[in-house]
Amino acid sequence: MIAGGNDSSTRDSEVRALAPGWSGILARTAVELAVIAGTTEDEFLAIGGRLQDFYQRGLGISGLASDMVGEVAGDHVTGAMDRLGEMLDHMGHYVDRAQNEIEGSAQTLREILGLLEKVGDPLSGFKKVNKVLRMLGISTKIESARLGQSAAGFDTLASDVGELSVQVNDKAAFIMKRKDDLAREIEQTLSGVLEAGAKQHDKVIEVLARTKKSLQSLTDINSRCSSSVALVSAVSDEVYRSIGDVVMSMQAHDIVRQQIEHVHEALDEVKQGLDAGSCGADATATICELQMAQLRHASDELDGAVRIIIESLREVARKQSGLSAQTSGMSGIADQAGGSFFTGMERDISVVSDALLESSKVNQALCLAMGTVAETVGEIATFVGDIEKIGEEIKLIALNAQIKSAYTGDEGAALGVLAEAIQRLSIDAIDHTGAVSGTLQGIIGVTDRLSQGVNVETTGLEGEVHGMVQTLSDLVQTLRQVNDTLQHSLHEMDESVTRLSSDIEQVVSGITVHRKVAQVLEESIRAISGVATEARRLAPAGVAGNLDQLAQRYTMQSERRIHESLSGPATGGRTPTLSAPPPPAADEDELGGNVELF
């Protein structure tokens with residue numbers, strides 16, 4: 001008993017000797033903890049002040065992306081796409097019909113060329129008629145001179161026949177020339193029409209195929225955009241959750257601040273007990289060990305919370321950047337060439353419009369060609385009619401000559417023979433004109449039929465072309481407006497995302513509070529650890545007694561768990577241990593019932 005008493009006395013004496021030093025260490029530590037608990041407030045308030053701005057800007061970016069997706073997937077573009085599809089089908093039918101009409105017209109022109117060739121044979125017969133008539137006229141003059149007064153009048157007959165033969169020759173030459181000119185014009189028209197028609201047809205078919213492919217791509221984009229509304233909404237929700245994670249993590253500041261304040265109060269009470277001599281070595285050691293555990297937990301909590309804040313803010317920037325890139329791809333603005341999807345469609349549609357107008361001009365050229373054919377054939381027909389009339393005149397003159405030669409008797413027999421020959425030639429001339437007239441009537445029939453069809457069809461096609469070109473222009477304007485709107489929105493989104501990311505990174509790089517707090521807490525833990533080690537040396541197996549009064553100060557479950565892990569349940573004491581506190585349960589309320597939000 002005496003020895004035990006001496007040990008207790010020695011220990012108490014040593015505690016009294018060490019108490020002033022312990023008290024000073026704990027006092028300084030408490031002051032430093034009080035300072036750090038208060039100085040972090042402004043930094044967290046500054047972060048909190050930027051959160052609302054980041055959140056609103058994030059919502060603005062998501063809203064802009066949603067508007068862009070809606071623009072591409074909306075009725076404005078969808079309606080233009082439907083009309084464009086209808087126009088492409090209509091243009092395909094138009095091009096095929098126009099090509100068939102050009103080929104039909106070309107075939108008719110070839111038929112006219114064949115008919116003109118048939119005109120050549122009877123026209124060449126007029127040369128023979130003219131030659132023989134001239135010879136008969138000369139013979140008539142000779143015979144008339146031989147007979148003298150008895151053949152009076154036959155000389156005039158010969159002169160009339162000669163003049164008429166010259167007229168037949170001139171008119172036949174004119175007909176031949178106009179026939180050859182018309183044939184050349186038809187051949188030139190055929191060459192130009194067929195070449196231009198084939199060229200325009202191939203160009204339009206190629207562009208239509210490319211435009212249909214572009215339309216299919218636009219349809220795919222439209223489908224993706226329709227399904228991307230949910231994606232944009234999901235990104236907005238993720239941004240909201242990331243901001244929520246920041247808000248929840250920032251509340252850790254208040255938790256840590258309260259925890260540090262509780263440690264400050266506990267250390268202050270130990271200091272007062274040491275100063276009054278009422279706090280023993282084991283109580284000092286146990287309370288110091290508890291506060292060290294609380295400070296380590298507070299440091300870890302603050303560090304984890306700040307890391308979540310940093311990562312969540314950066315996640316907001318990443319989400320918005322990803323949304324911007326994805327929206328660009330969905331809207332079709334950023335293709336592989338880095339140009340505009342709609343610009344290519346606009347260019348192709350412009351080519352189609354030009355080709356359609358050129359096709360209309362081809363039909364107009366056919367119409368003009370038919371007019372030229374009809375006009376020239378009409379001219380030729382007039383001259384053929386003149387030749388026919390001349391033939392009738394020659395026939396009448398020959399008939400009168402035959403009658404007159406009969407009155408002269410045997411002496412006029414030769415003149416009768418000549419008159420009969422002239423009459424036969426007039427009949428040949430009339431036959432030749434009939435052959436030419438028949439062929440010309442065939443040409444006129446074909447020309448009238450083709451000309452009427454081309455005139456009617458050209459008028460209809462021209463109106464149809466202008467309608468299609470106007471509709472295409474409206475579609476181009478619609479797509480151009482969509483393109484301009486999307487380009488502007490995409491540029492605005494990129495700028496917004498860049499500024500938001502830069503501002504977030506600026507805020508993140510300025511977050512140093514956890515490092516400053518960790519440094520102060522680590523220094524405080526080392527200081528408290530020195531006191532706890534000396535106190536525990538003096539009371540290695542002591543019991544601190546009932547620490548319920550200390551436990552009643554706690555406002556958070558984490559503080560209570562740390563307390564119980566080191567000193568036992570709050571209803572009674574036990575030998576303290578230095579085991580690490582267990583992790584908090586996932587369903588527990590970490591904030592307890594007394595938390596001040598920043």
# chains A, B, ... in the order shown; residues from 1 in each chain; ligands from 1

$ residues_around --residues "stretch 246-252 of chain A" --least-positions-apart "4" --cutoff "8 Å" --atoms "only C-alpha atoms" --output "VMD selection string"
chain A and resid 44 48 242 256 301 to 302 305 to 306 308 to 309 312 to 313 597 to 598

$ residues_around --residues "stretch 377-381 of chain A" --least-positions-apart "3" --cutoff "10 Å" --atoms "only C-alpha atoms" --output "list in words"
Leu116, Lys171, Ala172, Phe174, Ile175, Met176, Lys177, Arg178, Lys179, Leu182, Gly371, Thr372, Val373, Ala374, Val384, Gly385, Asp386, Ile387, Thr433, Val436, Ser437, Gly438, Thr439, Leu440, Gln441, Ile443, Ile444 and Thr447 of chain A

$ residues_around --residues "A:Glu269" --least-positions-apart "3" --cutoff "10 Å" --atoms "only C-alpha atoms" --output "NGL selection string"
:A and (26-27 or 263-266 or 272-275 or 279 or 287 or 550)

$ closest_residue --among "A:Leu490, A:Leu415, A:Val235, A:Met68" --to "A:Leu323" --atoms "only C-alpha atoms"
A:Val235

$ closest_residue --among "A:Thr286, A:Ile205, A:Glu523, A:Leu164" --to "A:His563" --atoms "only C-alpha atoms"
A:Thr286

$ residues_around --residues "A:Gly92" --least-positions-apart "6" --cutoff "12 Å" --atoms "only C-alpha atoms" --output "compact mmCIF listing (two decimals) with C-alpha atoms, in the first residue's frame"
# COMPACT_ATOMS: atom_id res chain seq x y z
CA GLY A 85 -37.76 14.51 -101.44
CA GLU A 86 -40.91 15.14 -103.43
CA ALA A 98 -37.81 15.65 -121.26
CA GLN A 99 -35.14 13.26 -122.52
CA HIS A 201 -29.65 14.72 -118.64
CA ASP A 202 -26.44 13.13 -117.35
CA LYS A 203 -25.66 16.17 -115.17
CA VAL A 204 -29.11 16.24 -113.59
CA ILE A 205 -29.14 12.49 -113.01
CA GLU A 206 -25.73 12.69 -111.31
CA VAL A 207 -26.76 15.64 -109.12
CA LEU A 208 -30.10 14.03 -108.27
CA ALA A 209 -28.31 10.90 -107.12
CA THR A 211 -28.73 15.09 -103.60
CA LYS A 212 -30.77 12.02 -102.72
CA VAL A 352 -30.05 21.24 -110.79
CA LEU A 356 -33.50 22.40 -115.65
CA MET A 468 -39.56 23.79 -109.69

$ residues_around --residues "A:Met493" --least-positions-apart "3" --cutoff "9 Å" --atoms "only C-alpha atoms" --output "MDAnalysis selection string"
chainID A and resid 61 64:65 324 488:490 496:498

$ write_last_selection --atoms "all heavy atoms" --output "PDB file, in the first residue's frame"
ATOM      1  N   ILE A  61     -25.984  26.689 -71.829  1.00  0.00           N
ATOM      2  CA  ILE A  61     -25.328  25.900 -72.879  1.00  0.00           C
ATOM      3  C   ILE A  61     -26.194  24.708 -73.260  1.00  0.00           C
ATOM      4  O   ILE A  61     -26.391  24.405 -74.437  1.00  0.00           O
ATOM      5  CB  ILE A  61     -23.934  25.447 -72.415  1.00  0.00           C
ATOM      6  CG1 ILE A  61     -23.008  26.666 -72.276  1.00  0.00           C
ATOM      7  CG2 ILE A  61     -23.338  24.422 -73.383  1.00  0.00           C
ATOM      8  CD1 ILE A  61     -21.683  26.361 -71.624  1.00  0.00           C
ATOM      9  N   LEU A  64     -29.057  25.924 -75.290  1.00  0.00           N
ATOM     10  CA  LEU A  64     -28.648  26.249 -76.651  1.00  0.00           C
ATOM     11  C   LEU A  64     -28.482  24.974 -77.482  1.00  0.00           C
ATOM     12  O   LEU A  64     -28.891  24.914 -78.645  1.00  0.00           O
ATOM     13  CB  LEU A  64     -27.331  27.030 -76.618  1.00  0.00           C
ATOM     14  CG  LEU A  64     -26.829  27.601 -77.951  1.00  0.00           C
ATOM     15  CD1 LEU A  64     -27.860  28.535 -78.552  1.00  0.00           C
ATOM     16  CD2 LEU A  64     -25.505  28.324 -77.745  1.00  0.00           C
ATOM     17  N   ALA A  65     -27.898  23.951 -76.873  1.00  0.00           N
ATOM     18  CA  ALA A  65     -27.754  22.670 -77.574  1.00  0.00           C
ATOM     19  C   ALA A  65     -29.126  22.089 -77.900  1.00  0.00           C
ATOM     20  O   ALA A  65     -29.348  21.564 -78.992  1.00  0.00           O
ATOM     21  CB  ALA A  65     -26.953  21.684 -76.716  1.00  0.00           C
ATOM     22  N   SER A 324     -21.068  20.088 -76.677  1.00  0.00           N
ATOM     23  CA  SER A 324     -20.841  20.977 -77.817  1.00  0.00           C
ATOM     24  C   SER A 324     -20.349  20.186 -79.028  1.00  0.00           C
ATOM     25  O   SER A 324     -20.842  20.352 -80.141  1.00  0.00           O
ATOM     26  CB  SER A 324     -19.812  22.050 -77.445  1.00  0.00           C
ATOM     27  OG  SER A 324     -19.504  22.859 -78.542  1.00  0.00           O
ATOM     28  N   HIS A 488     -24.235  30.148 -86.218  1.00  0.00           N
ATOM     29  CA  HIS A 488     -24.181  31.178 -85.173  1.00  0.00           C
ATOM     30  C   HIS A 488     -24.303  30.539 -83.795  1.00  0.00           C
ATOM     31  O   HIS A 488     -23.544  30.882 -82.869  1.00  0.00           O
ATOM     32  CB  HIS A 488     -25.309  32.183 -85.395  1.00  0.00           C
ATOM     33  CG  HIS A 488     -25.400  33.225 -84.322  1.00  0.00           C
ATOM     34  ND1 HIS A 488     -24.504  34.276 -84.209  1.00  0.00           N
ATOM     35  CD2 HIS A 488     -26.278  33.356 -83.271  1.00  0.00           C
ATOM     36  CE1 HIS A 488     -24.831  35.016 -83.161  1.00  0.00           C
ATOM     37  NE2 HIS A 488     -25.888  34.484 -82.581  1.00  0.00           N
ATOM     38  N   SER A 489     -25.254  29.616 -83.652  1.00  0.00           N
ATOM     39  CA  SER A 489     -25.460  28.971 -82.348  1.00  0.00           C
ATOM     40  C   SER A 489     -24.252  28.148 -81.944  1.00  0.00           C
ATOM     41  O   SER A 489     -23.851  28.136 -80.774  1.00  0.00           O
ATOM     42  CB  SER A 489     -26.711  28.081 -82.400  1.00  0.00           C
ATOM     43  OG  SER A 489     -27.862  28.850 -82.667  1.00  0.00           O
ATOM     44  N   LEU A 490     -23.673  27.440 -82.920  1.00  0.00           N
ATOM     45  CA  LEU A 490     -22.506  26.616 -82.606  1.00  0.00           C
ATOM     46  C   LEU A 490     -21.336  27.486 -82.186  1.00  0.00           C
ATOM     47  O   LEU A 490     -20.613  27.152 -81.235  1.00  0.00           O
ATOM     48  CB  LEU A 490     -22.130  25.772 -83.819  1.00  0.00           C
ATOM     49  CG  LEU A 490     -21.039  24.725 -83.593  1.00  0.00           C
ATOM     50  CD1 LEU A 490     -21.487  23.712 -82.556  1.00  0.00           C
ATOM     51  CD2 LEU A 490     -20.691  24.024 -84.895  1.00  0.00           C
ATOM     52  N   SER A 496     -19.118  29.978 -75.294  1.00  0.00           N
ATOM     53  CA  SER A 496     -19.639  29.827 -73.936  1.00  0.00           C
ATOM     54  C   SER A 496     -18.931  28.705 -73.194  1.00  0.00           C
ATOM     55  O   SER A 496     -18.570  28.841 -72.023  1.00  0.00           O
ATOM     56  CB  SER A 496     -21.156  29.566 -73.979  1.00  0.00           C
ATOM     57  OG  SER A 496     -21.840  30.656 -74.557  1.00  0.00           O
ATOM     58  N   VAL A 497     -18.738  27.582 -73.902  1.00  0.00           N
ATOM     59  CA  VAL A 497     -18.061  26.441 -73.279  1.00  0.00           C
ATOM     60  C   VAL A 497     -16.615  26.791 -72.942  1.00  0.00           C
ATOM     61  O   VAL A 497     -16.107  26.448 -71.869  1.00  0.00           O
ATOM     62  CB  VAL A 497     -18.127  25.215 -74.214  1.00  0.00           C
ATOM     63  CG1 VAL A 497     -17.192  24.106 -73.716  1.00  0.00           C
ATOM     64  CG2 VAL A 497     -19.551  24.682 -74.287  1.00  0.00           C
ATOM     65  N   THR A 498     -15.952  27.502 -73.857  1.00  0.00           N
ATOM     66  CA  THR A 498     -14.554  27.886 -73.614  1.00  0.00           C
ATOM     67  C   THR A 498     -14.450  28.798 -72.392  1.00  0.00           C
ATOM     68  O   THR A 498     -13.580  28.613 -71.525  1.00  0.00           O
ATOM     69  CB  THR A 498     -13.978  28.602 -74.851  1.00  0.00           C
ATOM     70  OG1 THR A 498     -14.031  27.706 -75.969  1.00  0.00           O
ATOM     71  CG2 THR A 498     -12.538  29.011 -74.609  1.00  0.00           C
TER      72      THR A 498
END

$ closest_residue --among "A:Thr533, A:Ile525, A:Gln481, A:Glu375" --to "A:Val77" --atoms "only C-alpha atoms"
A:Gln481

$ closest_residue --among "A:Asp254, A:Ala317, A:Val417, A:Ala551" --to "A:Ser139" --atoms "only C-alpha atoms"
A:Val417

$ residues_around --residues "A:Thr40" --least-positions-apart "3" --cutoff "12 Å" --atoms "only C-alpha atoms" --output "PyMOL selection string"
chain A and resi 33-37+43-47+250+252-254+256-257+260+302+511-518+520+598

$ write_last_selection --atoms "N, CA, C and O atoms" --output "tab-separated table (two decimals), in the first residue's frame"
chain	number	residue	atom	x	y	z
A	33	LEU	N	-6.36	26.50	-33.91
A	33	LEU	CA	-7.54	25.85	-34.43
A	33	LEU	C	-8.70	26.83	-34.57
A	33	LEU	O	-9.47	26.78	-35.53
A	34	ALA	N	-8.82	27.72	-33.59
A	34	ALA	CA	-9.89	28.73	-33.65
A	34	ALA	C	-9.70	29.64	-34.86
A	34	ALA	O	-10.65	30.00	-35.55
A	35	VAL	N	-8.44	29.98	-35.13
A	35	VAL	CA	-8.16	30.86	-36.27
A	35	VAL	C	-8.47	30.16	-37.58
A	35	VAL	O	-9.14	30.71	-38.47
A	36	ILE	N	-8.02	28.91	-37.75
A	36	ILE	CA	-8.23	28.20	-39.02
A	36	ILE	C	-9.70	27.89	-39.24
A	36	ILE	O	-10.18	27.84	-40.37
A	37	ALA	N	-10.45	27.69	-38.17
A	37	ALA	CA	-11.88	27.41	-38.32
A	37	ALA	C	-12.62	28.61	-38.88
A	37	ALA	O	-13.61	28.47	-39.60
A	43	GLU	N	-13.26	31.78	-48.20
A	43	GLU	CA	-12.88	31.04	-49.41
A	43	GLU	C	-14.02	30.15	-49.88
A	43	GLU	O	-14.32	30.10	-51.08
A	44	PHE	N	-14.69	29.49	-48.94
A	44	PHE	CA	-15.82	28.65	-49.33
A	44	PHE	C	-17.00	29.47	-49.79
A	44	PHE	O	-17.74	29.07	-50.69
A	45	LEU	N	-17.21	30.62	-49.19
A	45	LEU	CA	-18.29	31.49	-49.64
A	45	LEU	C	-18.03	31.98	-51.07
A	45	LEU	O	-18.97	32.12	-51.86
A	46	ALA	N	-16.76	32.25	-51.40
A	46	ALA	CA	-16.42	32.69	-52.76
A	46	ALA	C	-16.72	31.58	-53.77
A	46	ALA	O	-17.25	31.84	-54.86
A	47	ILE	N	-16.38	30.34	-53.41
A	47	ILE	CA	-16.68	29.21	-54.31
A	47	ILE	C	-18.19	29.08	-54.47
A	47	ILE	O	-18.72	28.89	-55.58
A	250	MET	N	-19.43	21.11	-50.31
A	250	MET	CA	-19.11	22.36	-49.63
A	250	MET	C	-19.67	22.41	-48.22
A	250	MET	O	-19.16	23.12	-47.36
A	252	ALA	N	-19.34	20.15	-46.27
A	252	ALA	CA	-18.31	19.54	-45.43
A	252	ALA	C	-17.49	20.60	-44.72
A	252	ALA	O	-16.94	20.35	-43.63
A	253	HIS	N	-17.41	21.78	-45.30
A	253	HIS	CA	-16.68	22.86	-44.63
A	253	HIS	C	-17.31	23.17	-43.28
A	253	HIS	O	-16.62	23.35	-42.28
A	254	ASP	N	-18.64	23.23	-43.25
A	254	ASP	CA	-19.32	23.54	-42.00
A	254	ASP	C	-19.14	22.40	-40.99
A	254	ASP	O	-18.96	22.63	-39.79
A	256	VAL	N	-16.57	20.28	-40.89
A	256	VAL	CA	-15.19	20.33	-40.40
A	256	VAL	C	-15.01	21.49	-39.42
A	256	VAL	O	-14.33	21.37	-38.39
A	257	ARG	N	-15.62	22.63	-39.76
A	257	ARG	CA	-15.50	23.79	-38.86
A	257	ARG	C	-16.06	23.47	-37.48
A	257	ARG	O	-15.44	23.78	-36.46
A	260	ILE	N	-13.71	21.09	-35.69
A	260	ILE	CA	-12.52	21.78	-35.17
A	260	ILE	C	-12.89	22.61	-33.94
A	260	ILE	O	-12.13	22.67	-32.95
A	302	LEU	N	-12.26	17.09	-45.13
A	302	LEU	CA	-12.13	18.31	-45.88
A	302	LEU	C	-11.38	18.06	-47.19
A	302	LEU	O	-11.76	18.56	-48.25
A	511	ILE	N	-8.38	26.96	-55.47
A	511	ILE	CA	-8.83	26.28	-54.25
A	511	ILE	C	-7.62	25.69	-53.53
A	511	ILE	O	-7.05	24.68	-53.96
A	512	THR	N	-7.21	26.32	-52.45
A	512	THR	CA	-6.05	25.85	-51.66
A	512	THR	C	-6.40	25.67	-50.19
A	512	THR	O	-5.53	25.35	-49.38
A	513	VAL	N	-7.67	25.87	-49.87
A	513	VAL	CA	-8.06	25.87	-48.46
A	513	VAL	C	-7.75	24.53	-47.81
A	513	VAL	O	-7.34	24.48	-46.64
A	514	HIS	N	-7.95	23.44	-48.52
A	514	HIS	CA	-7.73	22.13	-47.90
A	514	HIS	C	-6.26	21.92	-47.55
A	514	HIS	O	-5.95	21.26	-46.55
A	515	ARG	N	-5.37	22.50	-48.39
A	515	ARG	CA	-3.95	22.33	-48.07
A	515	ARG	C	-3.57	23.17	-46.85
A	515	ARG	O	-2.79	22.72	-46.00
A	516	LYS	N	-4.09	24.39	-46.77
A	516	LYS	CA	-3.79	25.23	-45.60
A	516	LYS	C	-4.35	24.60	-44.33
A	516	LYS	O	-3.68	24.57	-43.28
A	517	VAL	N	-5.58	24.13	-44.39
A	517	VAL	CA	-6.19	23.52	-43.21
A	517	VAL	C	-5.44	22.26	-42.82
A	517	VAL	O	-5.17	22.01	-41.62
A	518	ALA	N	-5.08	21.44	-43.82
A	518	ALA	CA	-4.37	20.19	-43.53
A	518	ALA	C	-3.04	20.47	-42.84
A	518	ALA	O	-2.63	19.75	-41.92
A	520	VAL	N	-2.25	23.13	-40.93
A	520	VAL	CA	-2.48	23.56	-39.54
A	520	VAL	C	-2.91	22.39	-38.68
A	520	VAL	O	-2.43	22.23	-37.54
A	598	PHE	N	-23.27	27.03	-45.27
A	598	PHE	CA	-22.50	28.22	-45.56
A	598	PHE	C	-23.35	29.22	-46.31
A	598	PHE	O	-23.03	30.36	-46.42

$ atom_distance --atom1 "atom CA of A:Ser473" --atom2 "atom CA of A:His93"
19.4 Å

$ closest_residue --among "A:Ile422, A:Ile255, A:Cys367, A:Val95" --to "A:Gly162" --atoms "only C-alpha atoms"
A:Ile422

$ closest_residue --among "A:Leu295, A:Leu366, A:Leu425, A:Leu418" --to "A:Ser529" --atoms "only C-alpha atoms"
A:Leu295
